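Asker: You'll find query-v7.pdb just under this line, and it carries PDB, C-alpha atoms.
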ATOM      1  CA  MET A   1      94.652 114.420 111.719
ATOM      2  CA  PRO A   2      92.103 111.569 111.832
ATOM      3  CA  SER A   3      91.748 110.066 115.287
ATOM      4  CA  PHE A   4      91.930 106.461 116.371
ATOM      5  CA  PRO A   5      88.701 104.694 117.350
ATOM      6  CA  ASP A   6      87.883 104.477 121.053
ATOM      7  CA  ARG A   7      88.500 101.531 123.354
ATOM      8  CA  ASP A   8      84.924 100.197 123.254
ATOM      9  CA  TRP A   9      84.857 100.169 119.474
ATOM     10  CA  CYS A  10      88.162  98.298 119.432
ATOM     11  CA  LEU A  11      86.922  95.693 121.900
ATOM     12  CA  GLU A  12      83.771  95.176 119.863
ATOM     13  CA  VAL A  13      85.582  94.772 116.529
ATOM     14  CA  HIS A  14      88.096  92.460 118.213
ATOM     15  CA  ARG A  15      85.255  90.307 119.472
ATOM     16  CA  ARG A  16      83.855  90.102 115.940
ATOM     17  CA  LEU A  17      87.229  89.329 114.442
ATOM     18  CA  VAL A  18      87.790  86.484 116.877
ATOM     19  CA  GLY A  19      84.223  85.320 116.278
ATOM     20  CA  GLY A  20      84.902  84.926 112.531
ATOM     21  CA  ASP A  21      83.011  87.921 111.123
ATOM     22  CA  PRO A  22      84.433  88.231 107.577
ATOM     23  CA  THR A  23      83.806  91.999 107.512
ATOM     24  CA  ALA A  24      85.701  92.752 110.741
ATOM     25  CA  SER A  25      89.021  93.022 108.858
ATOM     26  CA  ALA A  26      87.572  95.739 106.597
ATOM     27  CA  GLN A  27      86.237  97.608 109.616
ATOM     28  CA  VAL A  28      89.646  97.481 111.307
ATOM     29  CA  TYR A  29      91.278  98.789 108.158
ATOM     30  CA  LYS A  30      88.790 101.596 107.646
ATOM     31  CA  ALA A  31      88.985 102.817 111.222
ATOM     32  CA  ILE A  32      92.680 102.397 111.956
ATOM     33  CA  LEU A  33      94.764 102.597 108.746
ATOM     34  CA  THR A  34      94.647 106.356 108.138
ATOM     35  CA  PRO A  35      95.295 107.467 111.743
ATOM     36  CA  LEU A  36      98.014 104.825 111.987
ATOM     37  CA  VAL A  37      99.787 106.138 108.883
ATOM     38  CA  GLY A  38      99.485 109.675 110.332
ATOM     39  CA  TRP A  39     100.883 108.506 113.660
ATOM     40  CA  LEU A  40     103.848 106.821 111.969
ATOM     41  CA  TYR A  41     104.580 110.022 110.035
ATOM     42  CA  ALA A  42     104.508 111.961 113.283
ATOM     43  CA  GLN A  43     107.153 109.646 114.779
ATOM     44  CA  ASP A  44     109.480 111.168 112.176
ATOM     45  CA  ARG A  45     111.519 108.015 111.672
ATOM     46  CA  THR A  46     111.426 108.408 107.897
ATOM     47  CA  LYS A  47     109.731 110.423 105.173
ATOM     48  CA  ASP A  48     109.423 107.384 102.904
ATOM     49  CA  LYS A  49     105.663 107.021 102.343
ATOM     50  CA  GLU A  50     105.924 103.498 100.959
ATOM     51  CA  LEU A  51     107.840 102.210 103.973
ATOM     52  CA  ILE A  52     105.326 103.833 106.309
ATOM     53  CA  ARG A  53     102.346 102.376 104.445
ATOM     54  CA  ASP A  54     103.966  98.958 104.318
ATOM     55  CA  ALA A  55     104.639  99.014 108.055
ATOM     56  CA  ALA A  56     101.055 100.078 108.797
ATOM     57  CA  THR A  57      99.618  97.408 106.483
ATOM     58  CA  ASP A  58     101.896  94.683 107.858
ATOM     59  CA  ALA A  59     100.905  95.459 111.446
ATOM     60  CA  LEU A  60      97.190  95.445 110.597
ATOM     61  CA  VAL A  61      97.422  92.228 108.582
ATOM     62  CA  ASP A  62      99.293  90.545 111.415
ATOM     63  CA  TYR A  63      96.647  91.572 113.927
ATOM     64  CA  ILE A  64      93.769  90.582 111.618
ATOM     65  CA  LYS A  65      95.262  87.143 111.001
ATOM     66  CA  HIS A  66      96.329  86.574 114.609
ATOM     67  CA  PRO A  67      93.957  88.591 116.812
ATOM     68  CA  HIS A  68      94.787  86.428 119.833
ATOM     69  CA  LYS A  69      98.274  87.928 119.958
ATOM     70  CA  TRP A  70      96.723  91.043 121.466
ATOM     71  CA  ASN A  71      96.006  90.726 125.150
ATOM     72  CA  PRO A  72      93.371  93.358 126.116
ATOM     73  CA  LYS A  73      94.542  93.181 129.737
ATOM     74  CA  LEU A  74      97.988  94.458 128.799
ATOM     75  CA  GLY A  75      97.020  97.560 126.854
ATOM     76  CA  THR A  76      94.701  99.042 124.263
ATOM     77  CA  LEU A  77      94.411  97.668 120.725
ATOM     78  CA  VAL A  78      95.559 101.001 119.333
ATOM     79  CA  SER A  79      98.767 101.028 121.378
ATOM     80  CA  TYR A  80      99.388  97.379 120.447
ATOM     81  CA  ILE A  81      99.051  98.096 116.711
ATOM     82  CA  CYS A  82     101.062 101.329 116.947
ATOM     83  CA  MET A  83     103.929  99.536 118.668
ATOM     84  CA  ALA A  84     103.832  96.684 116.160
ATOM     85  CA  SER A  85     103.860  99.016 113.163
ATOM     86  CA  ASP A  86     106.647 101.124 114.654
ATOM     87  CA  ARG A  87     108.702  97.973 115.181
ATOM     88  CA  ASP A  88     107.993  96.876 111.586
ATOM     89  CA  LEU A  89     109.053 100.292 110.340
ATOM     90  CA  LEU A  90     112.304 100.210 112.324
ATOM     91  CA  ASN A  91     113.058  96.728 110.966
ATOM     92  CA  ALA A  92     112.366  97.900 107.425
ATOM     93  CA  LEU A  93     114.607 100.943 107.881
ATOM     94  CA  GLU A  94     117.381  98.761 109.264
ATOM     95  CA  LYS A  95     117.053  96.468 106.266
ATOM     96  CA  VAL A  96     117.278  99.417 103.880
ATOM     97  CA  ASP A  97     120.315 100.701 105.727
ATOM     98  CA  ARG A  98     122.048  97.313 105.646
ATOM     99  CA  ARG A  99     121.356  97.021 101.921
ATOM    100  CA  ARG A 100     122.749 100.492 101.343
ATOM    101  CA  ARG A 101     125.897  99.722 103.353
ATOM    102  CA  HIS A 102     126.354  96.485 101.454
ATOM    103  CA  GLU A 103     126.044  98.302  98.132
ATOM    104  CA  ILE A 104     128.647 100.857  99.187
ATOM    105  CA  LEU A 105     130.992  98.136 100.358
ATOM    106  CA  THR A 106     130.570  96.077  97.211
ATOM    107  CA  SER A 107     130.955  99.026  94.880
ATOM    108  CA  ASP A 108     134.023 100.201  96.786
ATOM    109  CA  VAL A 109     135.717  96.831  96.472
ATOM    110  CA  GLU A 110     134.608  96.067  92.933
ATOM    111  CA  GLU A 111     135.492  99.542  91.717
ATOM    112  CA  GLU A 112     139.091  98.918  92.593
ATOM    113  CA  GLN A 113     139.226  95.468  90.930
ATOM    114  CA  LEU A 114     141.927  94.343  93.330
ATOM    115  CA  ASP A 115     142.186  90.903  91.825
ATOM    116  CA  ARG A 116     140.687  90.476  88.389
ATOM    117  CA  ASN A 117     141.199  86.713  88.450
ATOM    118  CA  VAL A 118     138.832  86.254  91.355
ATOM    119  CA  SER A 119     135.236  85.771  90.284
ATOM    120  CA  LEU A 120     132.770  86.917  92.879
ATOM    121  CA  LYS A 121     129.692  84.810  93.443
ATOM    122  CA  GLU A 122     126.485  86.711  93.987
ATOM    123  CA  ASN A 123     125.010  86.516  97.446
ATOM    124  CA  SER A 124     121.860  88.123  98.764
ATOM    125  CA  PRO A 125     122.612  91.319 100.724
ATOM    126  CA  SER A 126     121.204  89.947 103.956
ATOM    127  CA  ASP A 127     123.120  86.645 103.726
ATOM    128  CA  PHE A 128     126.254  88.533 102.905
ATOM    129  CA  LEU A 129     125.985  91.040 105.720
ATOM    130  CA  GLU A 130     124.871  88.569 108.348
ATOM    131  CA  SER A 131     127.907  86.410 107.821
ATOM    132  CA  PHE A 132     130.278  89.163 106.842
ATOM    133  CA  LEU A 133     130.104  92.076 109.252
ATOM    134  CA  PRO A 134     130.807  90.267 112.541
ATOM    135  CA  VAL A 135     133.774  88.425 110.971
ATOM    136  CA  LEU A 136     135.080  91.647 109.479
ATOM    137  CA  ASP A 137     135.004  93.329 112.859
ATOM    138  CA  GLY A 138     137.080  90.485 114.286
ATOM    139  CA  GLN A 139     139.654  90.787 111.496
ATOM    140  CA  VAL A 140     140.556  94.391 112.252
ATOM    141  CA  GLU A 141     142.336  94.985 115.523
ATOM    142  CA  SER A 142     143.349  98.628 115.455
ATOM    143  CA  GLU A 143     140.768 101.108 116.669
ATOM    144  CA  THR A 144     141.718 103.503 113.864
ATOM    145  CA  ASP A 145     141.093 100.790 111.277
ATOM    146  CA  LYS A 146     137.713 100.050 112.847
ATOM    147  CA  GLN A 147     136.764 103.704 112.663
ATOM    148  CA  MET A 148     137.992 103.900 109.067
ATOM    149  CA  LEU A 149     135.873 100.881 108.170
ATOM    150  CA  ALA A 150     132.866 102.476 109.828
ATOM    151  CA  LEU A 151     133.388 105.603 107.709
ATOM    152  CA  MET A 152     133.757 103.517 104.557
ATOM    153  CA  LEU A 153     130.547 101.646 105.353
ATOM    154  CA  GLN A 154     128.747 104.940 105.820
ATOM    155  CA  GLY A 155     129.845 105.859 102.308
ATOM    156  CA  GLU A 156     132.189 108.616 103.440
ATOM    157  CA  ARG A 157     134.368 109.875 100.571
ATOM    158  CA  SER A 158     136.012 112.914 102.141
ATOM    159  CA  THR A 159     139.789 112.557 102.381
ATOM    160  CA  ILE A 160     139.859 115.101 105.210
ATOM    161  CA  LYS A 161     137.778 112.906 107.518
ATOM    162  CA  PHE A 162     140.011 109.901 106.900
ATOM    163  CA  ALA A 163     143.099 112.054 107.323
ATOM    164  CA  GLN A 164     141.817 113.286 110.691
ATOM    165  CA  LEU A 165     141.357 109.699 111.800
ATOM    166  CA  LEU A 166     144.873 108.819 110.704
ATOM    167  CA  LYS A 167     146.147 112.012 112.368
ATOM    168  CA  ILE A 168     147.846 113.149 109.142
ATOM    169  CA  GLN A 169     145.728 116.220 108.530
ATOM    170  CA  ASP A 170     148.807 118.432 108.612
ATOM    171  CA  LEU A 171     150.543 116.681 105.727
ATOM    172  CA  PRO A 172     150.589 118.348 102.283
ATOM    173  CA  LYS A 173     147.448 117.683 100.281
ATOM    174  CA  GLU A 174     148.963 115.154  97.858
ATOM    175  CA  LYS A 175     150.775 113.161 100.506
ATOM    176  CA  LYS A 176     147.641 113.174 102.632
ATOM    177  CA  ALA A 177     145.561 111.800  99.758
ATOM    178  CA  LEU A 178     148.143 109.110  99.001
ATOM    179  CA  GLU A 179     148.318 107.999 102.616
ATOM    180  CA  VAL A 180     144.511 107.856 102.925
ATOM    181  CA  LYS A 181     144.313 105.839  99.711
ATOM    182  CA  ARG A 182     147.008 103.450 100.906
ATOM    183  CA  ASN A 183     145.133 102.787 104.132
ATOM    184  CA  LYS A 184     141.784 102.434 102.388
ATOM    185  CA  ASP A 185     143.307  99.994  99.888
ATOM    186  CA  ARG A 186     144.742  97.953 102.729
ATOM    187  CA  LEU A 187     141.319  97.697 104.374
ATOM    188  CA  LYS A 188     139.647  96.907 101.053
ATOM    189  CA  LYS A 189     142.057  94.017 100.586
ATOM    190  CA  ILE A 190     141.030  92.657 103.983
ATOM    191  CA  ILE A 191     137.383  92.972 102.964
ATOM    192  CA  GLU A 192     138.020  91.278  99.639
ATOM    193  CA  ARG A 193     140.017  88.404 101.143
ATOM    194  CA  LEU A 194     137.346  87.848 103.756
ATOM    195  CA  ARG A 195     134.613  87.918 101.172
ATOM    196  CA  ASN A 196     136.347  85.350  99.017
ATOM    197  CA  ARG A 197     136.885  83.144 102.039
ATOM    198  CA  LEU A 198     133.197  83.339 102.950
ATOM    199  CA  HIS A 199     132.132  82.588  99.368
ATOM    200  CA  ALA A 200     134.442  79.586  99.266
ATOM    201  CA  ARG A 201     132.683  78.007 102.281
TER     202      ARG A 201
ATOM    203  CA  MET B   1      82.129 109.717 105.687
ATOM    204  CA  HIS B   2      85.680 109.134 104.529
ATOM    205  CA  ALA B   3      87.806 111.902 103.060
ATOM    206  CA  ASP B   4      89.362 111.435  99.615
ATOM    207  CA  SER B   5      92.815 110.872 101.108
ATOM    208  CA  ASP B   6      91.372 108.092 103.289
ATOM    209  CA  LEU B   7      89.876 106.433 100.237
ATOM    210  CA  ILE B   8      93.179 106.622  98.395
ATOM    211  CA  GLU B   9      94.936 105.129 101.400
ATOM    212  CA  LEU B  10      92.375 102.325 101.649
ATOM    213  CA  ARG B  11      92.510 101.622  97.916
ATOM    214  CA  ALA B  12      96.309 101.383  98.088
ATOM    215  CA  ALA B  13      96.007  99.042 101.065
ATOM    216  CA  ALA B  14      93.527  96.860  99.175
ATOM    217  CA  ALA B  15      95.926  96.700  96.220
ATOM    218  CA  ARG B  16      98.691  95.563  98.575
ATOM    219  CA  LEU B  17      96.498  92.652  99.704
ATOM    220  CA  GLU B  18      95.864  91.290  96.213
ATOM    221  CA  GLY B  19      98.498  88.614  96.639
ATOM    222  CA  ASP B  20      97.139  87.417  99.979
ATOM    223  CA  PRO B  21      94.448  84.724  99.646
ATOM    224  CA  PHE B  22      93.209  85.546 103.160
ATOM    225  CA  PHE B  23      91.579  88.700 101.795
ATOM    226  CA  MET B  24      88.821  89.209  99.222
ATOM    227  CA  ALA B  25      91.257  91.520  97.398
ATOM    228  CA  SER B  26      92.964  88.413  95.998
ATOM    229  CA  VAL B  27      89.653  86.932  94.767
ATOM    230  CA  LEU B  28      88.621  90.174  93.082
ATOM    231  CA  ALA B  29      92.050  90.645  91.509
ATOM    232  CA  GLU B  30      92.052  87.099  90.162
ATOM    233  CA  TYR B  31      88.526  87.379  88.770
ATOM    234  CA  ARG B  32      89.228  90.783  87.239
ATOM    235  CA  SER B  33      92.359  89.469  85.582
ATOM    236  CA  GLN B  34      90.829  86.216  84.312
ATOM    237  CA  MET B  35      87.687  87.852  82.981
ATOM    238  CA  ARG B  36      89.624  90.851  81.687
ATOM    239  CA  LEU B  37      87.424  93.326  83.542
ATOM    240  CA  ASN B  38      88.150  96.776  84.850
ATOM    241  CA  ASP B  39      86.852  98.078  88.190
ATOM    242  CA  GLN B  40      83.710  99.588  86.681
ATOM    243  CA  GLN B  41      82.825  96.361  84.899
ATOM    244  CA  LEU B  42      83.461  94.294  88.007
ATOM    245  CA  ALA B  43      81.364  96.681  90.103
ATOM    246  CA  LYS B  44      78.581  96.407  87.544
ATOM    247  CA  ALA B  45      78.773  92.613  87.622
ATOM    248  CA  LEU B  46      78.387  92.704  91.398
ATOM    249  CA  SER B  47      75.717  95.415  91.284
ATOM    250  CA  CYS B  48      77.715  97.778  93.464
ATOM    251  CA  THR B  49      79.744 100.982  93.204
ATOM    252  CA  ALA B  50      83.466 101.041  92.448
ATOM    253  CA  GLN B  51      83.989 102.431  95.946
ATOM    254  CA  ALA B  52      82.246  99.409  97.452
ATOM    255  CA  LEU B  53      84.872  97.211  95.785
ATOM    256  CA  THR B  54      87.447  98.591  98.234
ATOM    257  CA  ASN B  55      85.274  97.640 101.209
ATOM    258  CA  LEU B  56      84.798  94.239  99.641
ATOM    259  CA  ALA B  57      88.514  93.781  99.012
ATOM    260  CA  LEU B  58      89.361  94.378 102.678
ATOM    261  CA  CYS B  59      87.013  91.629 103.890
ATOM    262  CA  ARG B  60      88.172  88.125 104.707
ATOM    263  CA  THR B  61      87.664  85.481 102.011
ATOM    264  CA  PRO B  62      84.563  83.372 102.776
ATOM    265  CA  ARG B  63      85.151  80.051 104.522
ATOM    266  CA  LEU B  64      85.003  77.198 102.042
ATOM    267  CA  ASP B  65      84.731  74.395 104.634
ATOM    268  CA  ASP B  66      81.026  73.787 104.070
ATOM    269  CA  ALA B  67      78.167  75.266 102.059
ATOM    270  CA  GLU B  68      76.490  76.748 105.134
ATOM    271  CA  SER B  69      79.532  78.724 106.331
ATOM    272  CA  PHE B  70      80.249  79.815 102.776
ATOM    273  CA  LEU B  71      76.744  81.118 102.262
ATOM    274  CA  ALA B  72      76.689  82.875 105.634
ATOM    275  CA  ASP B  73      80.023  84.575 104.937
ATOM    276  CA  VAL B  74      79.077  85.619 101.408
ATOM    277  CA  GLN B  75      75.790  87.126 102.611
ATOM    278  CA  THR B  76      77.484  88.984 105.478
ATOM    279  CA  ILE B  77      80.140  90.394 103.141
ATOM    280  CA  ALA B  78      77.592  91.327 100.466
ATOM    281  CA  LYS B  79      75.439  93.120 103.020
ATOM    282  CA  TYR B  80      78.423  95.058 104.339
ATOM    283  CA  ALA B  81      79.722  96.020 100.884
ATOM    284  CA  GLU B  82      76.212  96.540  99.485
ATOM    285  CA  CYS B  83      76.536  94.190  96.540
ATOM    286  CA  ASP B  84      74.550  91.267  95.120
ATOM    287  CA  TRP B  85      75.352  88.184  97.217
ATOM    288  CA  ARG B  86      74.449  85.749  94.430
ATOM    289  CA  GLU B  87      76.877  87.408  92.046
ATOM    290  CA  LEU B  88      79.499  87.577  94.765
ATOM    291  CA  ALA B  89      79.080  83.852  95.434
ATOM    292  CA  LYS B  90      79.573  83.169  91.707
ATOM    293  CA  VAL B  91      82.742  85.243  91.629
ATOM    294  CA  VAL B  92      84.226  83.457  94.645
ATOM    295  CA  ARG B  93      83.244  80.015  93.326
ATOM    296  CA  THR B  94      84.676  80.755  89.867
ATOM    297  CA  VAL B  95      88.022  81.812  91.305
ATOM    298  CA  GLN B  96      88.035  78.841  93.672
ATOM    299  CA  SER B  97      87.226  76.382  90.843
ATOM    300  CA  LEU B  98      89.926  77.812  88.600
ATOM    301  CA  GLY B  99      92.430  77.502  91.419
ATOM    302  CA  THR B 100      91.445  73.871  92.019
ATOM    303  CA  LEU B 101      91.573  72.988  88.320
ATOM    304  CA  LYS B 102      94.936  74.640  88.003
ATOM    305  CA  ARG B 103      96.277  72.568  90.897
ATOM    306  CA  PHE B 104      94.981  69.306  89.410
ATOM    307  CA  THR B 105      95.836  69.864  85.770
ATOM    308  CA  GLY B 106      98.856  72.101  86.122
ATOM    309  CA  MET B 107      97.329  74.126  83.289
ATOM    310  CA  PRO B 108      97.546  77.920  83.431
ATOM    311  CA  GLU B 109      94.224  79.483  84.410
ATOM    312  CA  SER B 110      94.113  81.504  81.205
ATOM    313  CA  GLN B 111      94.054  78.287  79.165
ATOM    314  CA  LEU B 112      91.419  76.740  81.411
ATOM    315  CA  LEU B 113      89.214  79.755  80.959
ATOM    316  CA  LYS B 114      89.814  79.734  77.215
ATOM    317  CA  ALA B 115      88.836  76.052  77.128
ATOM    318  CA  ALA B 116      85.708  76.823  79.151
ATOM    319  CA  ARG B 117      84.796  79.729  76.858
ATOM    320  CA  ASP B 118      85.387  77.574  73.756
ATOM    321  CA  ARG B 119      83.138  74.848  75.115
ATOM    322  CA  VAL B 120      80.353  77.343  75.772
ATOM    323  CA  SER B 121      80.646  78.793  72.266
ATOM    324  CA  ASP B 122      80.702  75.265  70.782
ATOM    325  CA  HIS B 123      77.427  74.483  72.487
ATOM    326  CA  LYS B 124      75.939  77.756  71.297
ATOM    327  CA  ASN B 125      77.090  77.074  67.729
ATOM    328  CA  GLY B 126      75.662  73.574  67.826
ATOM    329  CA  HIS B 127      79.011  71.796  67.422
ATOM    330  CA  ARG B 128      79.021  68.229  68.621
ATOM    331  CA  SER B 129      82.446  66.803  68.937
ATOM    332  CA  LYS B 130      83.309  63.241  69.839
ATOM    333  CA  ARG B 131      84.815  62.793  73.224
ATOM    334  CA  GLY B 132      88.469  63.678  73.234
ATOM    335  CA  LYS B 133      88.350  65.005  69.645
ATOM    336  CA  ARG B 134      88.187  68.586  68.531
ATOM    337  CA  PRO B 135      86.130  69.664  65.515
ATOM    338  CA  LYS B 136      88.287  70.107  62.420
ATOM    339  CA  SER B 137      87.181  73.671  61.895
ATOM    340  CA  ARG B 138      88.332  74.684  65.294
ATOM    341  CA  LYS B 139      91.068  77.261  65.482
ATOM    342  CA  ARG B 140      93.842  76.768  67.980
TER     343      ARG B 140
END
So, in terms of structure tokens, how does the structure I just supplied come out?

Answerer:
Amino acid sequence: MPSFPDRDWCLEVHRRLVGGDPTASAQVYKAILTPLVGWLYAQDRTKDKELIRDAATDALVDYIKHPHKWNPKLGTLVSYICMASDRDLLNALEKVDRRRRHEILTSDVEEEQLDRNVSLKENSPSDFLESFLPVLDGQVESETDKQMLALMLQGERSTIKFAQLLKIQDLPKEKKALEVKRNKDRLKKIIERLRNRLHAR
Amino acid sequence: MHADSDLIELRAAAARLEGDPFFMASVLAEYRSQMRLNDQQLAKALSCTAQALTNLALCRTPRLDDAESFLADVQTIAKYAECDWRELAKVVRTVQSLGTLKRFTGMPESQLLKAARDRVSDHKNGHRSKRGKRPKSRKR
């Protein structure tokens, strides 16, 4: 695996970057990008190459544009950039996860078409989730319901898991499925009502 | 010496920066698109290798505050990327001028360039049009 440049090299390129050398950004890229991408892979947070490359690029661009953010007294340039890129990667992964959860939630509710007269306005996933999830949590009091919602948000489709939560795993298969569906429908109605209320604001 | 995988990584990074005016990648991308050039043609125009274009793309765009800073930056970048600084200066100035014209006229850059090319060919063909009028033979 390619290695990161040493401390002296980093201090020198930092000095040139701050001094306005237009080639310093290219030198930072050439020396740090590949080992940084390798380091991010090794953290094993994701296998998504694009997300890793984006996080590495974002961290380098941020440093190149704002070199004063790095304080050499607090740590090495390499550790600063590694931490920044790791943070960017975690943020990106969280965003992907939120989008995925939103898609599951939306498809779950829209699949059922609980009320065909209600037209749903389109919201961006982040707007929707930011305003929606905390309110949703407040709407559901029972711990079982909260756990069921968590499973639904994770995209869980197995009736057995829901049945275990509802403590009805011993019921006959058909009755079990009906009871799980009834509870899921009830929660979906809460989601739908809440969503309509938020859209109406 | 960089391995092939490093070069691929750097090339991908340079492509990611094409939308960021802070980097030379945006200038090169704009020039390449306006002049309808590929990498080889652009490298030839700048008297450098295609690989040097990646180094060039990762540099900061020259300061445009004053002629002295501009010249100093262009020469530093050209020396680093091993290309012709005069040609590089022309490329940067062309992209800068097109950007300025676009802001003032609101005209798409492609039309501005077409107008500029037409004017050059008119001069070469010996057309003399009155101010504000186009020659009748001119195709739209």

Asker: For chain B, report every residue with an atom at most 9 Å from chain A (counting all atoms listed in the file), formatted as a list of chain:residue names.

Answerer: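 On the chain B side, the interface is B:His2, B:Ser5, B:Asp6, B:Leu7, B:Glu9, B:Leu10, B:Ala12, B:Ala13, B:Arg16, B:Leu17, B:Phe22, B:Phe23, B:Thr54, B:Asn55, B:Leu56, B:Ala57, B:Leu58, B:Cys59, B:Arg60, B:Thr61, B:Pro62, B:Arg63, B:Asp73, B:Val74, B:Thr76, B:Ile77, B:Tyr80, B:Ala81.
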
Asker: Output C-alpha atoms of each residue in that selection to a file, as a PDB file, keeping the file's coordinate frame.

Answerer:
ATOM      1  CA  HIS B   2      85.680 109.134 104.529  1.00  0.00           C
ATOM      2  CA  SER B   5      92.815 110.872 101.108  1.00  0.00           C
ATOM      3  CA  ASP B   6      91.372 108.092 103.289  1.00  0.00           C
ATOM      4  CA  LEU B   7      89.876 106.433 100.237  1.00  0.00           C
ATOM      5  CA  GLU B   9      94.936 105.129 101.400  1.00  0.00           C
ATOM      6  CA  LEU B  10      92.375 102.325 101.649  1.00  0.00           C
ATOM      7  CA  ALA B  12      96.309 101.383  98.088  1.00  0.00           C
ATOM      8  CA  ALA B  13      96.007  99.042 101.065  1.00  0.00           C
ATOM      9  CA  ARG B  16      98.691  95.563  98.575  1.00  0.00           C
ATOM     10  CA  LEU B  17      96.498  92.652  99.704  1.00  0.00           C
ATOM     11  CA  PHE B  22      93.209  85.546 103.160  1.00  0.00           C
ATOM     12  CA  PHE B  23      91.579  88.700 101.795  1.00  0.00           C
ATOM     13  CA  THR B  54      87.447  98.591  98.234  1.00  0.00           C
ATOM     14  CA  ASN B  55      85.274  97.640 101.209  1.00  0.00           C
ATOM     15  CA  LEU B  56      84.798  94.239  99.641  1.00  0.00           C
ATOM     16  CA  ALA B  57      88.514  93.781  99.012  1.00  0.00           C
ATOM     17  CA  LEU B  58      89.361  94.378 102.678  1.00  0.00           C
ATOM     18  CA  CYS B  59      87.013  91.629 103.890  1.00  0.00           C
ATOM     19  CA  ARG B  60      88.172  88.125 104.707  1.00  0.00           C
ATOM     20  CA  THR B  61      87.664  85.481 102.011  1.00  0.00           C
ATOM     21  CA  PRO B  62      84.563  83.372 102.776  1.00  0.00           C
ATOM     22  CA  ARG B  63      85.151  80.051 104.522  1.00  0.00           C
ATOM     23  CA  ASP B  73      80.023  84.575 104.937  1.00  0.00           C
ATOM     24  CA  VAL B  74      79.077  85.619 101.408  1.00  0.00           C
ATOM     25  CA  THR B  76      77.484  88.984 105.478  1.00  0.00           C
ATOM     26  CA  ILE B  77      80.140  90.394 103.141  1.00  0.00           C
ATOM     27  CA  TYR B  80      78.423  95.058 104.339  1.00  0.00           C
ATOM     28  CA  ALA B  81      79.722  96.020 100.884  1.00  0.00           C
TER      29      ALA B  81
END

Asker: Determine the residue membership of the PyMOL selection byres ((chain B and resi 29-36) around 7) for the file above and supply it as a PyMOL selection string.

Answerer: chain B and resi 18+25-28+37-38+42+91+95+110

Asker: Write a file of the selected residues as a PDB file, in the frame of the given file, keeping C-alpha atoms.

Answerer:
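result_2.pdb was written with the following content:
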ATOM      1  CA  GLU B  18      95.864  91.290  96.213  1.00  0.00           C
ATOM      2  CA  ALA B  25      91.257  91.520  97.398  1.00  0.00           C
ATOM      3  CA  SER B  26      92.964  88.413  95.998  1.00  0.00           C
ATOM      4  CA  VAL B  27      89.653  86.932  94.767  1.00  0.00           C
ATOM      5  CA  LEU B  28      88.621  90.174  93.082  1.00  0.00           C
ATOM      6  CA  LEU B  37      87.424  93.326  83.542  1.00  0.00           C
ATOM      7  CA  ASN B  38      88.150  96.776  84.850  1.00  0.00           C
ATOM      8  CA  LEU B  42      83.461  94.294  88.007  1.00  0.00           C
ATOM      9  CA  VAL B  91      82.742  85.243  91.629  1.00  0.00           C
ATOM     10  CA  VAL B  95      88.022  81.812  91.305  1.00  0.00           C
ATOM     11  CA  SER B 110      94.113  81.504  81.205  1.00  0.00           C
TER      12      SER B 110
END

Asker: Expressed in Å to a single decimal, how great is the separation between CA of Val180 in chain A and CA of Gln147 in chain A?

Answerer: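 Separation of CA of Val180 in chain A and CA of Gln147 in chain A: 13.1 Å.
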
Asker: Within 10 Å of (88.3, 93.0, 123.0) in the file's own coordinates, which protein, DNA or RNA residues have an atom, counting all atoms listed in the file? List them as JSON, numbers by chain.

Answerer: {"A": [7, 8, 9, 10, 11, 12, 13, 14, 15, 16, 17, 18, 67, 68, 70, 71, 72, 73, 76, 77]}

Asker: Please list as a VMD selection string every residue within 8 Å of range 79-85 of chain A, counting only C-alpha atoms and excluding residues in the same chain fewer than 4 positions away.

Answerer: chain A and resid 36 39 to 40 55 to 56 58 to 60 63 70 75 89

Asker: Could you tell me, as a ChimeraX atom specification, which residues have any atom at most 7 Å from (77.1, 91.5, 89.9), counting all atoms listed in the file?

Answerer: /B:43-47,84,87-88

Asker: Figure out the distance between CA of Lys69 in chain A and CA of Asp86 in chain A, please, to one decimal in Å.

Answerer: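 Between these atoms lies a distance of 16.5 Å.
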
Asker: So the first atom is CA of Arg11 in chain B and the second is CA of Pro5 in chain A; what is the distance between them in Å, to one decimal place?

Answerer: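 Computing it gives 20.0 Å between the two atoms.
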
Asker: I'd like the box whose edges run along x, y and z of the file and which contains every listed atom of range 27-39 of chain B, padded by 6 Å per side; could you state its centre and edge lengths in Å, one decimal, as JSON?

Answerer:
{"center_x": 89.6, "center_y": 92.1, "center_z": 88.2, "size_x": 17.5, "size_y": 23.9, "size_z": 25.1}

Asker: As number ranges by chain, please: the residues near Ile160 in chain A (cut-off 9 Å, all atoms listed in the file, same-chain neighbours under 5 positions excluded).

Answerer: A: 165, 169, 176-177, 180

Asker: Starting from the shown file, work through the PyMOL selection byres ((chain A and resi 148-157) around 8) and note down what comes out as a PDB file with C-alpha atoms, in the coordinates of the input.

Answerer:
ATOM      1  CA  ARG A 101     125.897  99.722 103.353  1.00  0.00           C
ATOM      2  CA  HIS A 102     126.354  96.485 101.454  1.00  0.00           C
ATOM      3  CA  ILE A 104     128.647 100.857  99.187  1.00  0.00           C
ATOM      4  CA  LEU A 105     130.992  98.136 100.358  1.00  0.00           C
ATOM      5  CA  THR A 144     141.718 103.503 113.864  1.00  0.00           C
ATOM      6  CA  ASP A 145     141.093 100.790 111.277  1.00  0.00           C
ATOM      7  CA  LYS A 146     137.713 100.050 112.847  1.00  0.00           C
ATOM      8  CA  GLN A 147     136.764 103.704 112.663  1.00  0.00           C
ATOM      9  CA  SER A 158     136.012 112.914 102.141  1.00  0.00           C
ATOM     10  CA  THR A 159     139.789 112.557 102.381  1.00  0.00           C
ATOM     11  CA  PHE A 162     140.011 109.901 106.900  1.00  0.00           C
ATOM     12  CA  LEU A 165     141.357 109.699 111.800  1.00  0.00           C
ATOM     13  CA  LYS A 184     141.784 102.434 102.388  1.00  0.00           C
ATOM     14  CA  LEU A 187     141.319  97.697 104.374  1.00  0.00           C
TER      15      LEU A 187
END
